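Asker: Compact mmCIF, N, CA and C atoms, saved as input09.txt, coming up:
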```txt
# COMPACT_ATOMS: atom_id res chain seq x y z
N GLY A 1 148.78 61.89 159.54
CA GLY A 1 148.41 61.80 158.12
C GLY A 1 149.58 61.34 157.27
N MET A 2 149.27 60.91 156.09
CA MET A 2 150.27 60.39 155.17
C MET A 2 150.82 61.48 154.27
N GLY A 3 150.32 62.70 154.44
CA GLY A 3 150.76 63.76 153.52
C GLY A 3 149.99 63.65 152.23
N PRO A 4 150.30 64.49 151.25
CA PRO A 4 149.53 64.48 150.00
C PRO A 4 149.72 63.17 149.25
N LYS A 5 148.65 62.67 148.66
CA LYS A 5 148.75 61.45 147.88
C LYS A 5 149.46 61.81 146.57
N VAL A 6 150.40 60.97 146.21
CA VAL A 6 151.18 61.23 145.01
C VAL A 6 150.29 61.06 143.77
N ASP A 7 150.38 62.00 142.85
CA ASP A 7 149.63 61.89 141.61
C ASP A 7 150.47 61.13 140.59
N LEU A 8 150.22 59.84 140.50
CA LEU A 8 151.03 59.01 139.60
C LEU A 8 150.84 59.39 138.14
N THR A 9 149.66 59.91 137.80
CA THR A 9 149.41 60.33 136.42
C THR A 9 150.42 61.40 136.00
N GLU A 10 150.67 62.35 136.91
CA GLU A 10 151.65 63.41 136.64
C GLU A 10 153.04 62.82 136.45
N ILE A 11 153.38 61.87 137.32
CA ILE A 11 154.72 61.26 137.27
C ILE A 11 154.90 60.50 135.95
N ILE A 12 153.83 59.82 135.52
CA ILE A 12 153.87 59.11 134.22
C ILE A 12 154.07 60.12 133.09
N LYS A 13 153.36 61.23 133.15
CA LYS A 13 153.51 62.28 132.11
C LYS A 13 154.93 62.83 132.09
N ASN A 14 155.57 62.82 133.25
CA ASN A 14 156.95 63.32 133.35
C ASN A 14 157.98 62.30 132.88
N GLY A 15 157.51 61.20 132.27
CA GLY A 15 158.43 60.24 131.68
C GLY A 15 158.89 59.14 132.61
N ALA A 16 158.06 58.78 133.58
CA ALA A 16 158.43 57.73 134.52
C ALA A 16 158.68 56.40 133.81
N VAL A 17 159.58 55.63 134.40
CA VAL A 17 159.83 54.27 133.94
C VAL A 17 158.96 53.35 134.80
N ILE A 18 158.17 52.49 134.17
CA ILE A 18 157.36 51.52 134.91
C ILE A 18 158.17 50.23 135.03
N VAL A 19 158.43 49.80 136.25
CA VAL A 19 159.15 48.55 136.47
C VAL A 19 158.19 47.53 137.10
N ASP A 20 157.93 46.47 136.35
CA ASP A 20 157.03 45.40 136.79
C ASP A 20 157.89 44.31 137.42
N VAL A 21 157.69 44.05 138.71
CA VAL A 21 158.58 43.11 139.40
C VAL A 21 157.96 41.71 139.56
N ARG A 22 156.97 41.41 138.73
CA ARG A 22 156.42 40.05 138.73
C ARG A 22 157.35 39.10 137.97
N THR A 23 157.03 37.82 138.01
CA THR A 23 157.83 36.83 137.28
C THR A 23 157.63 37.01 135.77
N LYS A 24 158.54 36.44 135.01
CA LYS A 24 158.42 36.51 133.54
C LYS A 24 157.09 35.91 133.07
N ALA A 25 156.68 34.81 133.69
CA ALA A 25 155.43 34.15 133.30
C ALA A 25 154.21 35.04 133.56
N GLU A 26 154.19 35.70 134.73
CA GLU A 26 153.09 36.61 135.05
C GLU A 26 153.07 37.78 134.06
N TYR A 27 154.27 38.29 133.79
CA TYR A 27 154.40 39.45 132.89
C TYR A 27 153.88 39.09 131.50
N ALA A 28 154.16 37.87 131.07
CA ALA A 28 153.75 37.42 129.73
C ALA A 28 152.23 37.37 129.59
N GLU A 29 151.53 37.21 130.71
CA GLU A 29 150.06 37.13 130.66
C GLU A 29 149.40 38.49 130.49
N GLY A 30 150.20 39.55 130.65
CA GLY A 30 149.62 40.89 130.51
C GLY A 30 150.46 41.86 131.32
N HIS A 31 150.67 43.06 130.78
CA HIS A 31 151.50 44.04 131.48
C HIS A 31 151.25 45.43 130.91
N VAL A 32 151.82 46.42 131.56
CA VAL A 32 151.75 47.80 131.08
C VAL A 32 152.66 47.93 129.87
N LYS A 33 152.11 48.45 128.78
CA LYS A 33 152.89 48.63 127.55
C LYS A 33 154.11 49.51 127.85
N GLY A 34 155.26 49.04 127.42
CA GLY A 34 156.48 49.82 127.61
C GLY A 34 157.14 49.64 128.96
N SER A 35 156.56 48.79 129.82
CA SER A 35 157.16 48.61 131.14
C SER A 35 158.36 47.66 131.06
N LEU A 36 159.25 47.79 132.04
CA LEU A 36 160.40 46.89 132.15
C LEU A 36 159.99 45.75 133.09
N ASN A 37 160.35 44.53 132.75
CA ASN A 37 160.07 43.41 133.64
C ASN A 37 161.38 42.97 134.29
N ILE A 38 161.50 43.28 135.58
CA ILE A 38 162.65 42.81 136.36
C ILE A 38 162.07 42.15 137.62
N PRO A 39 162.00 40.81 137.62
CA PRO A 39 161.43 40.13 138.79
C PRO A 39 162.11 40.59 140.09
N LEU A 40 161.31 40.70 141.15
CA LEU A 40 161.80 41.24 142.42
C LEU A 40 163.09 40.58 142.88
N ASP A 41 163.19 39.26 142.77
CA ASP A 41 164.39 38.57 143.27
C ASP A 41 165.63 38.86 142.43
N GLN A 42 165.44 39.52 141.28
CA GLN A 42 166.59 39.88 140.43
C GLN A 42 166.84 41.39 140.38
N LEU A 43 165.99 42.14 141.10
CA LEU A 43 166.05 43.60 140.98
C LEU A 43 167.39 44.19 141.42
N ALA A 44 167.86 43.77 142.57
CA ALA A 44 169.10 44.34 143.12
C ALA A 44 170.28 44.18 142.15
N GLN A 45 170.32 43.05 141.43
CA GLN A 45 171.43 42.80 140.49
C GLN A 45 171.22 43.51 139.15
N ASN A 46 170.01 44.04 138.91
CA ASN A 46 169.70 44.60 137.59
C ASN A 46 169.33 46.08 137.60
N LEU A 47 169.80 46.78 138.63
CA LEU A 47 169.48 48.20 138.74
C LEU A 47 170.00 48.99 137.54
N ASN A 48 171.07 48.47 136.91
CA ASN A 48 171.65 49.15 135.74
C ASN A 48 170.71 49.15 134.54
N LYS A 49 169.67 48.29 134.56
CA LYS A 49 168.71 48.25 133.45
C LYS A 49 167.69 49.38 133.53
N ILE A 50 167.63 50.05 134.69
CA ILE A 50 166.66 51.13 134.87
C ILE A 50 167.31 52.44 134.47
N PRO A 51 166.71 53.15 133.50
CA PRO A 51 167.31 54.42 133.06
C PRO A 51 167.51 55.39 134.22
N LYS A 52 168.66 56.04 134.24
CA LYS A 52 168.97 56.98 135.32
C LYS A 52 168.25 58.31 135.12
N GLY A 53 168.01 58.99 136.22
CA GLY A 53 167.47 60.34 136.16
C GLY A 53 165.99 60.43 135.82
N LYS A 54 165.28 59.29 135.87
CA LYS A 54 163.84 59.33 135.63
C LYS A 54 163.15 58.76 136.86
N PRO A 55 161.94 59.26 137.16
CA PRO A 55 161.21 58.65 138.26
C PRO A 55 160.82 57.22 137.87
N VAL A 56 160.73 56.36 138.87
CA VAL A 56 160.38 54.96 138.63
C VAL A 56 159.08 54.65 139.36
N ILE A 57 158.18 53.94 138.68
CA ILE A 57 156.95 53.46 139.33
C ILE A 57 157.02 51.94 139.32
N THR A 58 156.96 51.34 140.50
CA THR A 58 157.00 49.88 140.59
C THR A 58 155.57 49.33 140.60
N CYS A 59 155.39 48.15 140.03
CA CYS A 59 154.09 47.50 140.08
C CYS A 59 154.28 45.98 140.10
N CYS A 60 153.24 45.27 140.53
CA CYS A 60 153.27 43.81 140.54
C CYS A 60 151.83 43.31 140.40
N ARG A 61 151.47 42.26 141.13
CA ARG A 61 150.11 41.74 141.02
C ARG A 61 149.19 42.44 142.02
N SER A 62 149.65 42.54 143.28
CA SER A 62 148.79 43.09 144.32
C SER A 62 149.33 44.38 144.94
N GLY A 63 150.62 44.59 144.84
CA GLY A 63 151.23 45.76 145.47
C GLY A 63 152.24 45.40 146.55
N ALA A 64 152.32 44.12 146.90
CA ALA A 64 153.27 43.70 147.95
C ALA A 64 154.71 43.67 147.44
N ARG A 65 154.93 43.00 146.32
CA ARG A 65 156.29 42.93 145.75
C ARG A 65 156.76 44.31 145.30
N SER A 66 155.83 45.10 144.76
CA SER A 66 156.24 46.44 144.30
C SER A 66 156.63 47.32 145.49
N GLY A 67 156.04 47.05 146.66
CA GLY A 67 156.42 47.78 147.87
C GLY A 67 157.84 47.42 148.29
N ALA A 68 158.17 46.13 148.19
CA ALA A 68 159.53 45.68 148.51
C ALA A 68 160.52 46.27 147.49
N ALA A 69 160.11 46.32 146.23
CA ALA A 69 160.96 46.88 145.17
C ALA A 69 161.21 48.36 145.44
N LEU A 70 160.18 49.04 145.91
CA LEU A 70 160.28 50.47 146.23
C LEU A 70 161.39 50.70 147.25
N ASP A 71 161.41 49.86 148.30
CA ASP A 71 162.43 49.99 149.34
C ASP A 71 163.83 49.84 148.76
N ILE A 72 164.00 48.87 147.85
CA ILE A 72 165.31 48.64 147.22
C ILE A 72 165.73 49.88 146.43
N LEU A 73 164.82 50.42 145.61
CA LEU A 73 165.15 51.57 144.75
C LEU A 73 165.42 52.82 145.58
N LYS A 74 164.57 53.06 146.59
CA LYS A 74 164.78 54.23 147.45
C LYS A 74 166.09 54.10 148.21
N GLY A 75 166.44 52.86 148.58
CA GLY A 75 167.70 52.61 149.26
C GLY A 75 168.90 52.97 148.39
N GLN A 76 168.69 52.95 147.07
CA GLN A 76 169.74 53.33 146.11
C GLN A 76 169.68 54.82 145.80
N GLY A 77 168.80 55.54 146.49
CA GLY A 77 168.69 56.98 146.28
C GLY A 77 167.89 57.35 145.05
N MET A 78 167.10 56.40 144.52
CA MET A 78 166.32 56.68 143.32
C MET A 78 164.96 57.27 143.69
N GLU A 79 164.42 58.07 142.78
CA GLU A 79 163.06 58.60 142.97
C GLU A 79 162.10 57.51 142.52
N ALA A 80 161.39 56.91 143.46
CA ALA A 80 160.53 55.78 143.11
C ALA A 80 159.19 55.86 143.83
N TYR A 81 158.19 55.28 143.23
CA TYR A 81 156.83 55.29 143.75
C TYR A 81 156.23 53.90 143.58
N ASN A 82 155.41 53.48 144.54
CA ASN A 82 154.73 52.19 144.42
C ASN A 82 153.41 52.39 143.69
N GLY A 83 153.33 51.84 142.49
CA GLY A 83 152.10 51.96 141.71
C GLY A 83 151.07 50.89 142.09
N GLY A 84 151.50 49.90 142.90
CA GLY A 84 150.58 48.83 143.29
C GLY A 84 150.34 47.85 142.16
N PRO A 85 149.09 47.35 142.02
CA PRO A 85 148.80 46.38 140.97
C PRO A 85 149.08 46.96 139.58
N TRP A 86 149.63 46.14 138.71
CA TRP A 86 149.96 46.62 137.35
C TRP A 86 148.71 47.10 136.62
N THR A 87 147.55 46.50 136.95
CA THR A 87 146.31 46.89 136.28
C THR A 87 145.93 48.33 136.63
N SER A 88 146.22 48.78 137.86
CA SER A 88 145.91 50.18 138.21
C SER A 88 146.83 51.12 137.46
N VAL A 89 148.12 50.74 137.38
CA VAL A 89 149.07 51.58 136.63
C VAL A 89 148.62 51.65 135.17
N ASN A 90 148.18 50.50 134.66
CA ASN A 90 147.74 50.44 133.26
C ASN A 90 146.56 51.38 133.01
N SER A 91 145.65 51.46 133.95
CA SER A 91 144.50 52.35 133.75
C SER A 91 144.89 53.81 133.79
N LEU A 92 145.97 54.13 134.54
CA LEU A 92 146.48 55.50 134.58
C LEU A 92 147.11 55.89 133.25
N MET A 93 147.74 54.91 132.59
CA MET A 93 148.41 55.16 131.31
C MET A 93 147.40 55.59 130.26
N ALA A 94 146.18 55.12 130.39
CA ALA A 94 145.15 55.37 129.38
C ALA A 94 144.61 56.80 129.48
N LYS A 95 144.92 57.50 130.61
CA LYS A 95 144.36 58.85 130.78
C LYS A 95 144.98 59.86 129.85
```
For the file at hand, write its structure as structure tokens.
Answerer:
Amino acid sequence: GMGPKVDLTEIIKNGAVIVDVRTKAEYAEGHVKGSLNIPLDQLAQNLNKIPKGKPVITCCRSGARSGAALDILKGQGMEAYNGGPWTSVNSLMAK
């Protein structure tokens, strides 16, 4: 088993930072309000833009890039979760 499924709604309530790792052009077409846009290929160089001490939820278009972003953040010892498609994260924000 995969263990308990993470409740992203709770993590969002706890002040999570949403990091959208799509391109600037994709982000401009629509995104989670208040999210940070750091394209995946620039993430490693821009970790300082992510506030310290807060959980991070990564998102993208389908969940593939956000999964890669998750590995980078976890590799830095950060508390991070893959939110998958930005639209799913967006629907959680509305709760």
Asker: Produce the centre coordinates and the three edge lengths, each in Å to one decimal, of the box along x, y and z that contains all listed atoms of stretch 73-77 of chain A with 3 Å added on each side, as lines of an AutoDock Vina configuration file.
Answerer:
```
center_x = 167.2
center_y = 53.9
center_z = 147.0
size_x = 11.2
size_y = 12.9
size_z = 10.5
```
Asker: Which polymer residues have any atom within 7 Å of an atom of stretch 22-36 of chain A, counting only N, CA and C atoms, with same-chain residues fewer than 4 positions away left out, as a list in words?
Answerer: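 The residues satisfying every condition are Val17, Ile18, Leu40, Cys59, Cys60, Arg61, Trp86, Thr87, Val89 and Asn90 of chain A.
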Asker: Neighbours of A:Tyr81 within 7 Å (all atoms listed in the file; same-chain residues fewer than 2 positions away dropped), as a PDB file with N, CA and C atoms, in the coordinates of the input?
Answerer:
```pdb
ATOM      1  N   PRO A  55     161.940  59.260 137.160  1.00  0.00           N
ATOM      2  CA  PRO A  55     161.210  58.650 138.260  1.00  0.00           C
ATOM      3  C   PRO A  55     160.820  57.220 137.870  1.00  0.00           C
ATOM      4  N   VAL A  56     160.730  56.360 138.870  1.00  0.00           N
ATOM      5  CA  VAL A  56     160.380  54.960 138.630  1.00  0.00           C
ATOM      6  C   VAL A  56     159.080  54.650 139.360  1.00  0.00           C
ATOM      7  N   ILE A  57     158.180  53.940 138.680  1.00  0.00           N
ATOM      8  CA  ILE A  57     156.950  53.460 139.330  1.00  0.00           C
ATOM      9  C   ILE A  57     157.020  51.940 139.320  1.00  0.00           C
ATOM     10  N   THR A  58     156.960  51.340 140.500  1.00  0.00           N
ATOM     11  CA  THR A  58     157.000  49.880 140.590  1.00  0.00           C
ATOM     12  C   THR A  58     155.570  49.330 140.600  1.00  0.00           C
ATOM     13  N   CYS A  59     155.390  48.150 140.030  1.00  0.00           N
ATOM     14  CA  CYS A  59     154.090  47.500 140.080  1.00  0.00           C
ATOM     15  C   CYS A  59     154.280  45.980 140.100  1.00  0.00           C
ATOM     16  N   SER A  66     155.830  45.100 144.760  1.00  0.00           N
ATOM     17  CA  SER A  66     156.240  46.440 144.300  1.00  0.00           C
ATOM     18  C   SER A  66     156.630  47.320 145.490  1.00  0.00           C
ATOM     19  N   LEU A  70     160.180  49.040 145.910  1.00  0.00           N
ATOM     20  CA  LEU A  70     160.280  50.470 146.230  1.00  0.00           C
ATOM     21  C   LEU A  70     161.390  50.700 147.250  1.00  0.00           C
ATOM     22  N   GLU A  79     164.420  58.070 142.780  1.00  0.00           N
ATOM     23  CA  GLU A  79     163.060  58.600 142.970  1.00  0.00           C
ATOM     24  C   GLU A  79     162.100  57.510 142.520  1.00  0.00           C
ATOM     25  N   GLY A  83     153.330  51.840 142.490  1.00  0.00           N
ATOM     26  CA  GLY A  83     152.100  51.960 141.710  1.00  0.00           C
ATOM     27  C   GLY A  83     151.070  50.890 142.090  1.00  0.00           C
ATOM     28  N   GLY A  84     151.500  49.900 142.900  1.00  0.00           N
ATOM     29  CA  GLY A  84     150.580  48.830 143.290  1.00  0.00           C
ATOM     30  C   GLY A  84     150.340  47.850 142.160  1.00  0.00           C
TER      31      GLY A  84
END
```
Asker: When distances are computed from all atoms listed in the file, which of A:Ile38, A:Lys54, A:Ala94, A:Lys49 shows the smallest separation from A:Gly15?
Answerer: A:Lys54
Asker: Go through A:Asn46, A:Asn14, A:Asp7, A:Met93 one by one, measure the shortest atom-to-atom distance of each to A:Ala69 using only C-alpha atoms, and give the residue with the smallest value.
Answerer: A:Asn46
Asker: Measure the distance from atom CA of A:Leu47 to atom CA of A:Leu73 in Å and round it to one decimal.
Answerer: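 Between atom CA of A:Leu47 and atom CA of A:Leu73 the gap works out to 8.1 Å.
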Asker: Rounded to one decimal, what separation in Å do you get between atom C of A:Asn37 and atom N of A:Asp20?
Answerer: 5.3 Å
Asker: What separation in Å, quoted to one decimal, exists between atom N of A:Ala64 and atom CA of A:Gln42?
Answerer: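 These atoms are spaced 16.2 Å apart.
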Asker: With only C-alpha atoms as the atoms that count, which of A:Ile12, A:Gly67, A:Pro39, A:Lys52 lies nearest to A:Asn82?
Answerer: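 Closest residue, counting only C-alpha atoms: A:Gly67.
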Asker: Please determine, counting only C-alpha atoms, which residue among A:Leu43, A:Leu92, A:Val21, A:Ile50 has the shortest atom-to-atom distance to A:Ile72.
Answerer: A:Leu43
Asker: In chain A, what's helix (DSSP H, G or I) per DSSP? Answer as an NGL selection string?
Answerer: :A and (8-13 or 24-28 or 40-49 or 64-75 or 86-93)
Asker: Would you save stretch 46-79 of chain A to a file, keeping N, CA and C atoms, as a tab-separated table (two decimals), in the first residue's frame?
Answerer:
```
chain	number	residue	atom	x	y	z
A	46	ASN	N	16.48	28.47	-8.31
A	46	ASN	CA	15.59	29.47	-7.69
A	46	ASN	C	14.94	29.01	-6.39
A	47	LEU	N	15.59	28.05	-5.72
A	47	LEU	CA	15.03	27.54	-4.47
A	47	LEU	C	14.90	28.63	-3.42
A	48	ASN	N	15.75	29.66	-3.53
A	48	ASN	CA	15.71	30.77	-2.57
A	48	ASN	C	14.42	31.59	-2.68
A	49	LYS	N	13.68	31.43	-3.78
A	49	LYS	CA	12.41	32.16	-3.95
A	49	LYS	C	11.27	31.52	-3.17
A	50	ILE	N	11.49	30.28	-2.70
A	50	ILE	CA	10.44	29.57	-1.97
A	50	ILE	C	10.60	29.86	-0.48
A	51	PRO	N	9.55	30.40	0.15
A	51	PRO	CA	9.66	30.72	1.58
A	51	PRO	C	10.05	29.49	2.40
A	52	LYS	N	10.96	29.69	3.34
A	52	LYS	CA	11.44	28.59	4.18
A	52	LYS	C	10.41	28.25	5.27
A	53	GLY	N	10.45	27.01	5.70
A	53	GLY	CA	9.64	26.60	6.85
A	53	GLY	C	8.17	26.43	6.56
A	54	LYS	N	7.79	26.41	5.27
A	54	LYS	CA	6.38	26.17	4.94
A	54	LYS	C	6.32	24.94	4.04
A	55	PRO	N	5.23	24.17	4.14
A	55	PRO	CA	5.10	23.06	3.21
A	55	PRO	C	4.91	23.61	1.79
A	56	VAL	N	5.38	22.86	0.81
A	56	VAL	CA	5.28	23.27	-0.58
A	56	VAL	C	4.43	22.26	-1.34
A	57	ILE	N	3.52	22.76	-2.18
A	57	ILE	CA	2.75	21.88	-3.06
A	57	ILE	C	3.13	22.24	-4.48
A	58	THR	N	3.64	21.26	-5.23
A	58	THR	CA	4.02	21.52	-6.61
A	58	THR	C	2.85	21.18	-7.54
A	59	CYS	N	2.73	21.91	-8.64
A	59	CYS	CA	1.71	21.60	-9.63
A	59	CYS	C	2.22	21.97	-11.02
A	60	CYS	N	1.59	21.41	-12.04
A	60	CYS	CA	1.94	21.73	-13.42
A	60	CYS	C	0.69	21.51	-14.28
A	61	ARG	N	0.85	20.96	-15.49
A	61	ARG	CA	-0.31	20.75	-16.34
A	61	ARG	C	-0.93	19.38	-16.07
A	62	SER	N	-0.08	18.34	-16.01
A	62	SER	CA	-0.60	16.99	-15.86
A	62	SER	C	-0.17	16.30	-14.57
A	63	GLY	N	0.92	16.75	-13.99
A	63	GLY	CA	1.45	16.10	-12.79
A	63	GLY	C	2.83	15.51	-12.99
A	64	ALA	N	3.31	15.49	-14.23
A	64	ALA	CA	4.64	14.91	-14.51
A	64	ALA	C	5.77	15.85	-14.06
A	65	ARG	N	5.71	17.10	-14.50
A	65	ARG	CA	6.75	18.07	-14.11
A	65	ARG	C	6.71	18.32	-12.60
A	66	SER	N	5.51	18.36	-12.03
A	66	SER	CA	5.42	18.61	-10.59
A	66	SER	C	6.01	17.44	-9.80
A	67	GLY	N	5.96	16.24	-10.38
A	67	GLY	CA	6.59	15.08	-9.74
A	67	GLY	C	8.10	15.22	-9.74
A	68	ALA	N	8.65	15.71	-10.86
A	68	ALA	CA	10.09	15.94	-10.95
A	68	ALA	C	10.50	17.06	-9.98
A	69	ALA	N	9.65	18.09	-9.88
A	69	ALA	CA	9.92	19.20	-8.97
A	69	ALA	C	9.92	18.71	-7.52
A	70	LEU	N	9.01	17.80	-7.23
A	70	LEU	CA	8.91	17.23	-5.88
A	70	LEU	C	10.23	16.57	-5.49
A	71	ASP	N	10.81	15.80	-6.42
A	71	ASP	CA	12.09	15.13	-6.15
A	71	ASP	C	13.18	16.14	-5.82
A	72	ILE	N	13.21	17.25	-6.58
A	72	ILE	CA	14.22	18.30	-6.35
A	72	ILE	C	14.05	18.88	-4.94
A	73	LEU	N	12.81	19.24	-4.58
A	73	LEU	CA	12.55	19.88	-3.28
A	73	LEU	C	12.83	18.92	-2.13
A	74	LYS	N	12.37	17.67	-2.27
A	74	LYS	CA	12.61	16.68	-1.21
A	74	LYS	C	14.11	16.42	-1.07
A	75	GLY	N	14.83	16.46	-2.19
A	75	GLY	CA	16.28	16.29	-2.17
A	75	GLY	C	16.97	17.40	-1.38
A	76	GLN	N	16.30	18.55	-1.28
A	76	GLN	CA	16.83	19.68	-0.50
A	76	GLN	C	16.34	19.62	0.94
A	77	GLY	N	15.63	18.55	1.28
A	77	GLY	CA	15.14	18.39	2.65
A	77	GLY	C	13.89	19.19	2.95
A	78	MET	N	13.19	19.64	1.89
A	78	MET	CA	11.98	20.44	2.10
A	78	MET	C	10.76	19.54	2.23
A	79	GLU	N	9.77	20.03	2.96
A	79	GLU	CA	8.49	19.31	3.06
A	79	GLU	C	7.69	19.66	1.81
```
